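Participant: Okay, handing you the structure first.
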There are 2 protein chains.
Amino acid sequence: MSETRDPPPTDKPPTIIDVAARAGTSKSTVSNVLQGKIHVDERTRARVLEAIAELGYRTNVAARYMRQRSQLLGVVVGDLRNPFHAELAVHVEQCASATQHTLLLVTTSGLPEQEAQRVETLIEHRVAAILFFAFSGDAAVLKAIPKDLPRLFVSFRSPGGTSISVDEEDGARLAVEHLLSLGHERIAYVSTTLEHQWRTDEARYAGYARTLKRHRLDPGSGPSLRLAGDGTATPEEVQAALEELLTSAARPTAIFAASDFTAIEIMEAADAVGLEIPRDLSVVGFDDIAMAGLSRIALTTIAQPMAELADRAVRRALTMPVARRPRDIVLPPRLVVRSSTGPSPARAPASRPRAR
Amino acid sequence: MSETRDPPPTDKPPTIIDVAARAGTSKSTVSNVLQGKIHVDERTRARVLEAIAELGYRTNVAARYMRQRSQLLGVVVGDLRNPFHAELAVHVEQCASATQHTLLLVTTSGLPEQEAQRVETLIEHRVAAILFFAFSGDAAVLKAIPKDLPRLFVSFRSPGGTSISVDEEDGARLAVEHLLSLGHERIAYVSTTLEHQWRTDEARYAGYARTLKRHRLDPGSGPSLRLAGDGTATPEEVQAALEELLTSAARPTAIFAASDFTAIEIMEAADAVGLEIPRDLSVVGFDDIAMAGLSRIALTTIAQPMAELADRAVRRALTMPVARRPRDIVLPPRLVVRSSTGPSPARAPASRPRAR
DNA sequence: TTGTATGCGTTATCAT
DNA sequence: ATGATAACGCATACAA
């Protein structure tokens, strides 16, 4: 019955030497077979493969990584609960595995100290590259990364490295022009979360402000709210601030939110104060996370091409010529109209209007 | 100015030997300092630490892992887009990092072949333990895992390993009794997604059926829908099936969904066919993902204690006595009532009722 | 307490 | 085409 012996009698996993012995060859040859590089005699290769199967041999990557670059792809994410980051991670994982790479994933919670510590861990593991889904902006963190270790910012721009992102300003333009075309004039910009980088917030606001100005509207006088940056605001505080904004005398008739996440927070606040969307308030977000497509949410938003973002990020990170000078790759955003936006309500007193 | 020389002149990263040389000691001593084990002379330790800082030395974990177990925690997740899994992952990452462990995260997309291949990768990396957030049930995958490598199923039970999960049946009981207390009698069970294991679906259905029987209602005659298992149904097909269920003459007045994800799909279908929740239809989910708390969703659901699930899973995985025999740890679920459930509508003809 | 010698499993170099 | 041998960087047992 037991012609082929099962896993080796010893409790320690078989090594390349065990395989060589069983195949009646040398470990060099086995290594060559494994690497699939040099042309090895077919019969020898067959014997080696057979020995591997019989022994249940598995490469010890730790030993391999002592001589070669690791097949680990470091990913720094702020918060996986952010659907945008989670979706991005999914795509990145798929792309990475296509080239035999595995994700070493760390979380920063937006905390600079934690970020520094986690990045250090990635470096220690000699990852092939580091992808930042979020970044505090701390230059020290970047400086700690070896020169020859490719780093990439994905979905946002930041000094100190190459980035792959969407044209933030243009996305903002798309959003605001959509609202303008619906007749809105009191358009606010709202950003609340720390998962968006300082630069991202900056760029989206810039696009918002520039577009308004181009249409002879003054963004400065608007009732915008920007809570990003100091990640100290709790969800409750955010809600309170939003409700105040939505009940103020000069409340906006439309809001361009810095992200879908923020847009949904705004919807919450609107529900809480009895404002109906889009009758009393139009909202447009940014990202186009899956949730935005739910009928209950139906959020008009600026879509980011996540799959392409991820694909290009991974491809570039893994094939990046050493120490190439930083570049910013920019992809076009796209407006997706759903039903969170509608025509501007007729001018009316501060209280909420009844008629359209 | 430059009293302390910056990183070493060579382009290769400094080794423990470089540190020893600079500190005027041996590499063993440096190793001891690094491990923080043996009592090392304070002055020596200080010199070593100084040398490490000056050189910018970093442990080569590949070399370390050749002698010690790796500090990698393998995590197998079906789909990170599933908020339940993403939230679980966040907690797991936090717990793992508390013990200096990093997540090696792989995705299966529910595909058995991909799962086998990814698990193989984890094993090759000599991870300290493997956490399954999802599992196909393929025994071969389990058999490939070395005996002394702790494996844990988190959030569901499965033969072949220890699990940490919620009492599925009791959760189902909670859900159904809640619906019964609201006067519902035509209560359907619906499961649609592949991210829930066969066993989980089984257990939740069992709890559902048992509770109904206890109240002298026949689950068999109900219009339940179970699409789980064959992960071949597209979202569109799921919607079509759901809409058919909701427009049938014998449509249920309440649905116990196998997961929040499914519950939300049901809400979509209800919106599509013009059924108002909870007036025409009550829905209760399972998991209590963050999204369930949004005012637009407001889903009554069975909450799983995710943080505790993650915490105990990691703790157990990392301190698990070798080859202990499988155990199933069960935590209590909790009913969270929101506004997706309401009193049963008055008996009415098949068409949808107007009055309550 | 500190230093020395050795092993870990693999890849790379260089003979043959 | 194949095999012998030298790194690789660290941990560990043991010697001093």
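By order in the structure tokens, chains are A, B, ...; within a chain, residues start at 1; ligands start at 1, following the order shown.
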Residues of chain C within 8 Å of chain A, counting only C-alpha atoms (C1' of nucleotides) - could you list those as number ranges by chain?
Facilitator: C: 9-11
Participant: I need the chosen residues saved as a PDB file, in the first residue's frame, with N, CA and C atoms (P, O5', C5', C4', C3', O3' and C1' of nucleotides).
Facilitator:
ATOM      1  P    DG C   9      17.668  23.921   7.792  1.00  0.00           P
ATOM      2  O5'  DG C   9      17.491  24.602   6.355  1.00  0.00           O
ATOM      3  C5'  DG C   9      16.459  25.568   6.197  1.00  0.00           C
ATOM      4  C4'  DG C   9      16.674  26.323   4.912  1.00  0.00           C
ATOM      5  C3'  DG C   9      16.753  25.432   3.679  1.00  0.00           C
ATOM      6  O3'  DG C   9      15.873  25.957   2.705  1.00  0.00           O
ATOM      7  C1'  DG C   9      18.645  26.875   3.786  1.00  0.00           C
ATOM      8  P    DT C  10      15.758  25.337   1.283  1.00  0.00           P
ATOM      9  O5'  DT C  10      16.500  26.421   0.407  1.00  0.00           O
ATOM     10  C5'  DT C  10      16.031  27.756   0.455  1.00  0.00           C
ATOM     11  C4'  DT C  10      17.057  28.722  -0.045  1.00  0.00           C
ATOM     12  C3'  DT C  10      17.470  28.531  -1.498  1.00  0.00           C
ATOM     13  O3'  DT C  10      16.713  29.437  -2.305  1.00  0.00           O
ATOM     14  C1'  DT C  10      19.317  29.128  -0.075  1.00  0.00           C
ATOM     15  P    DT C  11      16.856  29.328  -3.880  1.00  0.00           P
ATOM     16  O5'  DT C  11      18.100  30.286  -4.185  1.00  0.00           O
ATOM     17  C5'  DT C  11      18.049  31.645  -3.785  1.00  0.00           C
ATOM     18  C4'  DT C  11      19.392  32.299  -4.032  1.00  0.00           C
ATOM     19  C3'  DT C  11      19.844  32.306  -5.484  1.00  0.00           C
ATOM     20  O3'  DT C  11      20.354  33.607  -5.771  1.00  0.00           O
ATOM     21  C1'  DT C  11      21.533  31.363  -4.136  1.00  0.00           C
TER      22       DT C  11
END
Participant: Give as a count of residues only every residue of chain B that touches chain A within 8 Å, counting only C-alpha atoms.
Facilitator: 34
Participant: What is the distance between CA of Val33 (chain B) and C1' of DT4 (chain C), in Å to one decimal?
Facilitator: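 Between CA of Val33 (chain B) and C1' of DT4 (chain C) the gap works out to 17.8 Å.
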Participant: Residues of region 33-160 of chain A classed as helix (DSSP H, G or I) by DSSP on the backbone are to be reported as a ChimeraX atom specification.
Facilitator: /A:33-35,42-55,61-65,83-98,112-124,139-144
Participant: Contacts from chain D to chain B, 9 Å maximum, only C-alpha atoms (C1' of nucleotides): show me the residue list as a list of chain:residue names.
Facilitator: D:DC8, D:DG9, D:DC10, D:DA11, D:DT12
